[in-house]
Every structure is written in structure tokens, then in C-alpha cells.
$ cat protein-v8.cif   # mmCIF, N, CA and C atoms
data_upload
#
loop_
_atom_site.label_atom_id
_atom_site.label_comp_id
_atom_site.auth_asym_id
_atom_site.auth_seq_id
_atom_site.Cartn_x
_atom_site.Cartn_y
_atom_site.Cartn_z
N MET Q 2 -54.30 15.22 -4.57
CA MET Q 2 -55.33 14.47 -5.16
C MET Q 2 -55.35 14.54 -6.69
N PHE Q 3 -55.31 15.74 -7.21
CA PHE Q 3 -55.37 15.89 -8.66
C PHE Q 3 -53.99 15.76 -9.32
N ILE Q 4 -52.94 15.98 -8.59
CA ILE Q 4 -51.59 15.92 -9.14
C ILE Q 4 -50.96 14.60 -8.74
N SER Q 5 -50.44 13.87 -9.76
CA SER Q 5 -49.81 12.60 -9.46
C SER Q 5 -48.34 12.81 -9.10
N ASN Q 6 -47.76 11.85 -8.43
CA ASN Q 6 -46.37 11.94 -8.03
C ASN Q 6 -45.45 11.77 -9.24
N ALA Q 7 -44.34 12.54 -9.27
CA ALA Q 7 -43.35 12.45 -10.35
C ALA Q 7 -42.12 11.76 -9.79
N TYR Q 8 -41.60 10.80 -10.54
CA TYR Q 8 -40.43 10.05 -10.11
C TYR Q 8 -39.32 10.25 -11.15
N ALA Q 9 -38.09 10.40 -10.68
CA ALA Q 9 -36.94 10.57 -11.57
C ALA Q 9 -36.60 9.24 -12.21
N GLN Q 10 -36.14 9.31 -13.49
CA GLN Q 10 -35.74 8.10 -14.18
C GLN Q 10 -34.29 7.79 -13.85
N SER Q 11 -33.98 6.52 -13.79
CA SER Q 11 -32.61 6.14 -13.54
C SER Q 11 -31.84 6.18 -14.86
N THR Q 12 -30.53 6.52 -14.81
CA THR Q 12 -29.72 6.59 -16.02
C THR Q 12 -29.20 5.20 -16.37
N ALA Q 13 -29.06 4.96 -17.66
CA ALA Q 13 -28.53 3.68 -18.12
C ALA Q 13 -27.02 3.76 -18.10
N THR Q 14 -26.36 2.89 -17.39
CA THR Q 14 -24.90 2.93 -17.30
C THR Q 14 -24.23 2.13 -18.40
N ASN Q 15 -24.91 1.16 -18.94
CA ASN Q 15 -24.29 0.37 -20.01
C ASN Q 15 -24.68 0.97 -21.36
N GLY Q 16 -23.70 1.18 -22.24
CA GLY Q 16 -23.96 1.70 -23.57
C GLY Q 16 -24.03 3.21 -23.63
N GLY Q 17 -23.79 3.92 -22.58
CA GLY Q 17 -23.83 5.39 -22.58
C GLY Q 17 -22.70 5.98 -23.40
N THR Q 18 -21.51 5.43 -23.31
CA THR Q 18 -20.36 5.93 -24.05
C THR Q 18 -20.49 5.60 -25.53
N ALA Q 19 -20.94 4.41 -25.84
CA ALA Q 19 -21.10 4.03 -27.24
C ALA Q 19 -22.18 4.87 -27.91
N GLY Q 20 -23.20 5.23 -27.18
CA GLY Q 20 -24.27 6.07 -27.73
C GLY Q 20 -23.78 7.46 -28.06
N SER Q 21 -22.92 8.02 -27.21
CA SER Q 21 -22.41 9.36 -27.48
C SER Q 21 -21.41 9.34 -28.64
N LEU Q 22 -20.66 8.27 -28.81
CA LEU Q 22 -19.75 8.16 -29.95
C LEU Q 22 -20.53 8.03 -31.26
N MET Q 23 -21.63 7.36 -31.21
CA MET Q 23 -22.45 7.18 -32.42
C MET Q 23 -23.07 8.50 -32.88
N GLN Q 24 -23.24 9.44 -31.95
CA GLN Q 24 -23.78 10.75 -32.34
C GLN Q 24 -22.78 11.53 -33.19
N PHE Q 25 -21.48 11.36 -32.93
CA PHE Q 25 -20.45 12.10 -33.66
C PHE Q 25 -20.00 11.40 -34.94
N LEU Q 26 -20.39 10.17 -35.12
CA LEU Q 26 -19.97 9.40 -36.30
C LEU Q 26 -20.41 10.05 -37.62
N PRO Q 27 -21.65 10.51 -37.78
CA PRO Q 27 -22.01 11.18 -39.05
C PRO Q 27 -21.20 12.45 -39.31
N LEU Q 28 -20.89 13.20 -38.27
CA LEU Q 28 -20.09 14.42 -38.43
C LEU Q 28 -18.68 14.09 -38.89
N VAL Q 29 -18.09 13.06 -38.32
CA VAL Q 29 -16.75 12.64 -38.70
C VAL Q 29 -16.76 12.12 -40.14
N LEU Q 30 -17.75 11.34 -40.49
CA LEU Q 30 -17.84 10.83 -41.86
C LEU Q 30 -18.03 11.95 -42.87
N MET Q 31 -18.80 12.97 -42.53
CA MET Q 31 -18.99 14.10 -43.44
C MET Q 31 -17.67 14.85 -43.65
N PHE Q 32 -16.88 15.02 -42.59
CA PHE Q 32 -15.59 15.69 -42.72
C PHE Q 32 -14.63 14.90 -43.59
N VAL Q 33 -14.62 13.58 -43.43
CA VAL Q 33 -13.74 12.73 -44.24
C VAL Q 33 -14.12 12.83 -45.71
N VAL Q 34 -15.40 12.78 -46.01
CA VAL Q 34 -15.86 12.90 -47.40
C VAL Q 34 -15.52 14.29 -47.95
N LEU Q 35 -15.72 15.32 -47.16
CA LEU Q 35 -15.40 16.69 -47.58
C LEU Q 35 -13.91 16.82 -47.89
N TYR Q 36 -13.07 16.20 -47.08
CA TYR Q 36 -11.62 16.27 -47.30
C TYR Q 36 -11.25 15.63 -48.63
N PHE Q 37 -11.76 14.44 -48.91
CA PHE Q 37 -11.36 13.73 -50.13
C PHE Q 37 -12.01 14.31 -51.38
N ILE Q 38 -13.15 14.97 -51.25
CA ILE Q 38 -13.83 15.51 -52.44
C ILE Q 38 -13.42 16.94 -52.73
N MET Q 39 -13.18 17.75 -51.71
CA MET Q 39 -12.92 19.17 -51.95
C MET Q 39 -11.52 19.63 -51.55
N ILE Q 40 -11.09 19.34 -50.36
CA ILE Q 40 -9.86 19.93 -49.83
C ILE Q 40 -8.63 19.34 -50.51
N ARG Q 41 -8.55 18.04 -50.61
CA ARG Q 41 -7.36 17.39 -51.18
C ARG Q 41 -7.14 17.76 -52.65
N PRO Q 42 -8.17 17.73 -53.52
CA PRO Q 42 -7.94 18.15 -54.91
C PRO Q 42 -7.52 19.62 -55.04
N GLN Q 43 -8.07 20.48 -54.17
CA GLN Q 43 -7.70 21.89 -54.23
C GLN Q 43 -6.23 22.08 -53.85
N MET Q 44 -5.76 21.37 -52.85
CA MET Q 44 -4.35 21.46 -52.46
C MET Q 44 -3.45 20.95 -53.57
N LYS Q 45 -3.86 19.90 -54.25
CA LYS Q 45 -3.08 19.35 -55.37
C LYS Q 45 -3.01 20.37 -56.51
N ARG Q 46 -4.14 21.03 -56.80
CA ARG Q 46 -4.18 22.04 -57.86
C ARG Q 46 -3.29 23.22 -57.52
N GLN Q 47 -3.28 23.65 -56.26
CA GLN Q 47 -2.42 24.76 -55.85
C GLN Q 47 -0.95 24.40 -55.98
N LYS Q 48 -0.60 23.17 -55.64
CA LYS Q 48 0.79 22.73 -55.75
C LYS Q 48 1.23 22.70 -57.21
N GLU Q 49 0.37 22.23 -58.11
CA GLU Q 49 0.70 22.20 -59.54
C GLU Q 49 0.86 23.60 -60.09
N HIS Q 50 -0.01 24.54 -59.68
CA HIS Q 50 0.06 25.92 -60.16
C HIS Q 50 1.35 26.58 -59.69
N LYS Q 51 1.73 26.35 -58.44
CA LYS Q 51 2.97 26.92 -57.92
C LYS Q 51 4.18 26.37 -58.67
N ALA Q 52 4.18 25.09 -58.97
CA ALA Q 52 5.29 24.50 -59.73
C ALA Q 52 5.36 25.09 -61.13
N MET Q 53 4.20 25.32 -61.76
CA MET Q 53 4.16 25.91 -63.09
C MET Q 53 4.72 27.33 -63.07
N ILE Q 54 4.35 28.11 -62.07
CA ILE Q 54 4.81 29.50 -61.98
C ILE Q 54 6.31 29.54 -61.69
N ASP Q 55 6.79 28.64 -60.85
CA ASP Q 55 8.23 28.62 -60.55
C ASP Q 55 9.07 28.21 -61.75
N ALA Q 56 8.48 27.45 -62.68
CA ALA Q 56 9.21 26.96 -63.84
C ALA Q 56 9.16 27.90 -65.04
N LEU Q 57 8.52 29.07 -64.89
CA LEU Q 57 8.45 30.00 -66.01
C LEU Q 57 9.83 30.48 -66.41
N ALA Q 58 10.02 30.65 -67.73
CA ALA Q 58 11.30 31.12 -68.26
C ALA Q 58 11.03 32.14 -69.35
N LYS Q 59 12.05 32.90 -69.69
CA LYS Q 59 11.92 33.90 -70.74
C LYS Q 59 11.63 33.18 -72.06
N GLY Q 60 10.64 33.70 -72.80
CA GLY Q 60 10.27 33.11 -74.08
C GLY Q 60 9.08 32.15 -73.99
N ASP Q 61 8.65 31.80 -72.77
CA ASP Q 61 7.47 30.94 -72.63
C ASP Q 61 6.22 31.68 -73.08
N GLU Q 62 5.32 30.96 -73.70
CA GLU Q 62 4.05 31.53 -74.15
C GLU Q 62 3.00 31.20 -73.10
N VAL Q 63 2.33 32.24 -72.59
CA VAL Q 63 1.44 32.07 -71.45
C VAL Q 63 0.07 32.68 -71.72
N VAL Q 64 -0.91 32.22 -70.95
CA VAL Q 64 -2.24 32.82 -70.92
C VAL Q 64 -2.37 33.46 -69.55
N ILE Q 65 -2.78 34.73 -69.54
CA ILE Q 65 -2.94 35.49 -68.31
C ILE Q 65 -4.41 35.43 -67.89
N GLY Q 66 -4.69 35.72 -66.64
CA GLY Q 66 -6.01 35.61 -66.05
C GLY Q 66 -7.18 36.13 -66.89
N GLY Q 67 -7.05 37.22 -67.58
CA GLY Q 67 -8.14 37.77 -68.36
C GLY Q 67 -8.27 37.16 -69.73
N GLY Q 68 -7.46 36.17 -70.05
CA GLY Q 68 -7.52 35.53 -71.35
C GLY Q 68 -6.52 36.10 -72.34
N VAL Q 69 -5.65 36.99 -71.88
CA VAL Q 69 -4.64 37.61 -72.74
C VAL Q 69 -3.51 36.60 -72.97
N ILE Q 70 -3.12 36.45 -74.22
CA ILE Q 70 -2.05 35.53 -74.58
C ILE Q 70 -0.81 36.36 -74.92
N GLY Q 71 0.34 35.92 -74.44
CA GLY Q 71 1.58 36.64 -74.74
C GLY Q 71 2.79 35.78 -74.48
N ARG Q 72 3.95 36.41 -74.68
CA ARG Q 72 5.23 35.72 -74.51
C ARG Q 72 5.98 36.43 -73.38
N VAL Q 73 6.57 35.66 -72.48
CA VAL Q 73 7.30 36.24 -71.35
C VAL Q 73 8.56 36.92 -71.88
N ALA Q 74 8.70 38.23 -71.58
CA ALA Q 74 9.86 38.99 -72.05
C ALA Q 74 10.89 39.16 -70.94
N LYS Q 75 10.44 39.45 -69.73
CA LYS Q 75 11.34 39.63 -68.59
C LYS Q 75 10.72 38.95 -67.38
N LEU Q 76 11.59 38.46 -66.51
CA LEU Q 76 11.15 37.82 -65.28
C LEU Q 76 11.62 38.62 -64.08
N GLY Q 77 10.75 38.78 -63.12
CA GLY Q 77 11.11 39.38 -61.84
C GLY Q 77 10.72 38.43 -60.73
N ASP Q 78 10.92 38.87 -59.50
CA ASP Q 78 10.56 38.02 -58.37
C ASP Q 78 9.05 37.80 -58.28
N SER Q 79 8.29 38.87 -58.42
CA SER Q 79 6.84 38.74 -58.32
C SER Q 79 6.11 39.27 -59.56
N VAL Q 80 6.86 39.85 -60.51
CA VAL Q 80 6.25 40.48 -61.69
C VAL Q 80 6.85 39.91 -62.96
N LEU Q 81 6.00 39.72 -63.96
CA LEU Q 81 6.44 39.29 -65.29
C LEU Q 81 6.15 40.41 -66.28
N HIS Q 82 7.00 40.55 -67.26
CA HIS Q 82 6.73 41.43 -68.39
C HIS Q 82 6.33 40.52 -69.54
N VAL Q 83 5.09 40.66 -69.99
CA VAL Q 83 4.57 39.80 -71.05
C VAL Q 83 4.37 40.64 -72.30
N GLU Q 84 4.97 40.19 -73.38
CA GLU Q 84 4.83 40.88 -74.66
C GLU Q 84 3.57 40.35 -75.35
N VAL Q 85 2.58 41.24 -75.53
CA VAL Q 85 1.31 40.84 -76.13
C VAL Q 85 1.22 41.20 -77.60
N ALA Q 86 2.05 42.12 -78.04
CA ALA Q 86 2.16 42.50 -79.46
C ALA Q 86 3.57 43.04 -79.65
N LYS Q 87 3.92 43.34 -80.90
CA LYS Q 87 5.27 43.85 -81.16
C LYS Q 87 5.46 45.17 -80.42
N ASP Q 88 6.50 45.22 -79.58
CA ASP Q 88 6.86 46.39 -78.78
C ASP Q 88 5.78 46.81 -77.78
N VAL Q 89 4.91 45.90 -77.40
CA VAL Q 89 3.89 46.18 -76.38
C VAL Q 89 4.05 45.15 -75.26
N GLU Q 90 4.46 45.63 -74.10
CA GLU Q 90 4.64 44.76 -72.94
C GLU Q 90 3.72 45.20 -71.82
N ILE Q 91 3.19 44.23 -71.12
CA ILE Q 91 2.40 44.52 -69.93
C ILE Q 91 3.05 43.83 -68.74
N GLN Q 92 2.87 44.43 -67.58
CA GLN Q 92 3.39 43.84 -66.35
C GLN Q 92 2.25 43.13 -65.64
N VAL Q 93 2.48 41.91 -65.26
CA VAL Q 93 1.48 41.15 -64.51
C VAL Q 93 2.16 40.44 -63.36
N GLN Q 94 1.40 40.11 -62.36
CA GLN Q 94 1.93 39.31 -61.26
C GLN Q 94 2.10 37.88 -61.73
N ARG Q 95 3.05 37.19 -61.13
CA ARG Q 95 3.28 35.79 -61.51
C ARG Q 95 2.04 34.94 -61.30
N SER Q 96 1.29 35.23 -60.25
CA SER Q 96 0.11 34.42 -59.94
C SER Q 96 -1.02 34.61 -60.96
N ALA Q 97 -0.92 35.63 -61.83
CA ALA Q 97 -1.95 35.86 -62.84
C ALA Q 97 -1.83 34.90 -64.02
N VAL Q 98 -0.73 34.19 -64.12
CA VAL Q 98 -0.53 33.24 -65.22
C VAL Q 98 -1.43 32.03 -64.96
N VAL Q 99 -2.28 31.74 -65.94
CA VAL Q 99 -3.22 30.63 -65.80
C VAL Q 99 -2.68 29.37 -66.45
N GLN Q 100 -2.01 29.53 -67.58
CA GLN Q 100 -1.58 28.35 -68.34
C GLN Q 100 -0.33 28.69 -69.14
N VAL Q 101 0.54 27.71 -69.27
CA VAL Q 101 1.71 27.85 -70.15
C VAL Q 101 1.37 27.07 -71.42
N LEU Q 102 1.44 27.77 -72.56
CA LEU Q 102 1.09 27.15 -73.85
C LEU Q 102 2.29 26.42 -74.44
N PRO Q 103 2.02 25.47 -75.31
CA PRO Q 103 3.14 24.81 -76.02
C PRO Q 103 3.84 25.81 -76.94
N LYS Q 104 5.12 25.58 -77.17
CA LYS Q 104 5.90 26.47 -78.02
C LYS Q 104 5.30 26.51 -79.43
N GLY Q 105 5.23 27.71 -79.99
CA GLY Q 105 4.74 27.88 -81.35
C GLY Q 105 3.25 28.12 -81.45
N SER Q 106 2.51 28.13 -80.34
CA SER Q 106 1.07 28.36 -80.44
C SER Q 106 0.72 29.85 -80.49
N TYR Q 107 1.62 30.72 -80.03
CA TYR Q 107 1.43 32.15 -80.11
C TYR Q 107 2.33 32.71 -81.19
N LYS Q 108 1.76 33.47 -82.12
CA LYS Q 108 2.57 34.02 -83.21
C LYS Q 108 2.50 35.50 -83.22
#
$ encode --input "protein-v8.cif" --output "C-alpha cells"
Amino acid sequence: MFISNAYAQSTATNGGTAGSLMQFLPLVLMFVVLYFIMIRPQMKRQKEHKAMIDALAKGDEVVIGGGVIGRVAKLGDSVLHVEVAKDVEIQVQRSAVVQVLPKGSYK
């Protein structure tokens, strides 16, 4: 008397697949935007940095990660000897090189 009858709803068969695809569309669009704004430029920057490090030669003037400027004295597989002053050399990893300066900028 006080409780009414409950009836199950029928499922819609047309448009069910299209509705579920529309739910994932914003997620896919966000990933595409993230790829073109963040991931792709970072990969390009890494490739340029690797090419710069591979092209290092003795006598190149470089800036090291902490802002130290010097001239490459010796090259190793993973280590560089950078001369920062007369008869003062420091060893740094190749990946610590931030920038290669134009010739003549370090005296």
C-alpha cells in the first residue's frame, strides 16, 4: 500500500557505442595537446643537447652546469677535463656541459 512498484528501465541500443566513445574524446584530446606542447619539444631539446655533446672537441670553450666557463683540455668517453684558469683543470661529466661558446669569448 505505502510502497509503490519499481520497474527496471530498458537500455537504449542505438547510440550506446557513440556515447561511450564521446566520453574518451576529451582524454584523447588532452593527451594530443600534452604531446605537442610538452613531450615533443623536450625530445627535440634532448636530441640537440646530445648532438652538441658528441661534437665537443679539444679547445672548445664551454659553460658547465654551475655557470663555470672554461676550455676543453682533454676528452674522455664520459669525462671532460676543462681548464678554468692557467694550470687549473677540473673533471666534469660530458652531460654537465650546458653550452658551447663561440671561439674567442673565453680569455
$ resolve_selection --input "protein-v8.cif" --expression "the PyMOL selection byres ((chain Q and resi 65) around 6.5)" --output "PDB file with N, CA and C atoms, in the frame of the given file"
ATOM      1  N   VAL Q  63       2.330  32.240 -72.590  1.00  0.00           N
ATOM      2  CA  VAL Q  63       1.440  32.070 -71.450  1.00  0.00           C
ATOM      3  C   VAL Q  63       0.070  32.680 -71.720  1.00  0.00           C
ATOM      4  N   VAL Q  64      -0.910  32.220 -70.950  1.00  0.00           N
ATOM      5  CA  VAL Q  64      -2.240  32.820 -70.920  1.00  0.00           C
ATOM      6  C   VAL Q  64      -2.370  33.460 -69.550  1.00  0.00           C
ATOM      7  N   GLY Q  66      -4.690  35.720 -66.640  1.00  0.00           N
ATOM      8  CA  GLY Q  66      -6.010  35.610 -66.050  1.00  0.00           C
ATOM      9  C   GLY Q  66      -7.180  36.130 -66.890  1.00  0.00           C
ATOM     10  N   GLY Q  67      -7.050  37.220 -67.580  1.00  0.00           N
ATOM     11  CA  GLY Q  67      -8.140  37.770 -68.360  1.00  0.00           C
ATOM     12  C   GLY Q  67      -8.270  37.160 -69.730  1.00  0.00           C
ATOM     13  N   GLY Q  68      -7.460  36.170 -70.050  1.00  0.00           N
ATOM     14  CA  GLY Q  68      -7.520  35.530 -71.350  1.00  0.00           C
ATOM     15  C   GLY Q  68      -6.520  36.100 -72.340  1.00  0.00           C
ATOM     16  N   VAL Q  69      -5.650  36.990 -71.880  1.00  0.00           N
ATOM     17  CA  VAL Q  69      -4.640  37.610 -72.740  1.00  0.00           C
ATOM     18  C   VAL Q  69      -3.510  36.600 -72.970  1.00  0.00           C
ATOM     19  N   ILE Q  70      -3.120  36.450 -74.220  1.00  0.00           N
ATOM     20  CA  ILE Q  70      -2.050  35.530 -74.580  1.00  0.00           C
ATOM     21  C   ILE Q  70      -0.810  36.360 -74.920  1.00  0.00           C
ATOM     22  N   GLY Q  71       0.340  35.920 -74.440  1.00  0.00           N
ATOM     23  CA  GLY Q  71       1.580  36.640 -74.740  1.00  0.00           C
ATOM     24  C   GLY Q  71       2.790  35.780 -74.480  1.00  0.00           C
ATOM     25  N   ALA Q  97      -0.920  35.630 -61.830  1.00  0.00           N
ATOM     26  CA  ALA Q  97      -1.950  35.860 -62.840  1.00  0.00           C
ATOM     27  C   ALA Q  97      -1.830  34.900 -64.020  1.00  0.00           C
ATOM     28  N   VAL Q  98      -0.730  34.190 -64.120  1.00  0.00           N
ATOM     29  CA  VAL Q  98      -0.530  33.240 -65.220  1.00  0.00           C
ATOM     30  C   VAL Q  98      -1.430  32.030 -64.960  1.00  0.00           C
ATOM     31  N   VAL Q  99      -2.280  31.740 -65.940  1.00  0.00           N
ATOM     32  CA  VAL Q  99      -3.220  30.630 -65.800  1.00  0.00           C
ATOM     33  C   VAL Q  99      -2.680  29.370 -66.450  1.00  0.00           C
ATOM     34  N   GLN Q 100      -2.010  29.530 -67.580  1.00  0.00           N
ATOM     35  CA  GLN Q 100      -1.580  28.350 -68.340  1.00  0.00           C
ATOM     36  C   GLN Q 100      -0.330  28.690 -69.140  1.00  0.00           C
TER      37      GLN Q 100
END
$ select_by_dssp --input "protein-v8.cif" --residues "chain Q" --states "helix (DSSP H, G or I)" --output "PyMOL selection string"
chain Q and resi 17-55+95-97
$ atom_distance --input "protein-v8.cif" --atom1 "CA of Ser106 in chain Q" --atom2 "CA of Val93 in chain Q"
20.4 Å
$ closest_residue --input "protein-v8.cif" --among "Q:Lys48, Q:Arg41, Q:Arg72, Q:Leu22" --to "Gly60 in chain Q" --atoms "only N, CA and C atoms"
Q:Arg72
$ atom_distance --input "protein-v8.cif" --atom1 "CA of Val73 in chain Q" --atom2 "atom C of Leu57 in chain Q"
8.0 Å
$ residues_around --input "protein-v8.cif" --residues "Gln92 in chain Q" --least-positions-apart "5" --cutoff "8 Å" --atoms "only C-alpha atoms" --output "PyMOL selection string"
chain Q and resi 80-83
$ atom_distance --input "protein-v8.cif" --atom1 "CA of Phe25 in chain Q" --atom2 "atom C of Ile40 in chain Q"
21.8 Å
$ closest_residue --input "protein-v8.cif" --among "Q:Leu102, Q:Lys75, Q:Ala7, Q:Met44" --to "Ala58 in chain Q" --atoms "all atoms listed in the file"
Q:Lys75
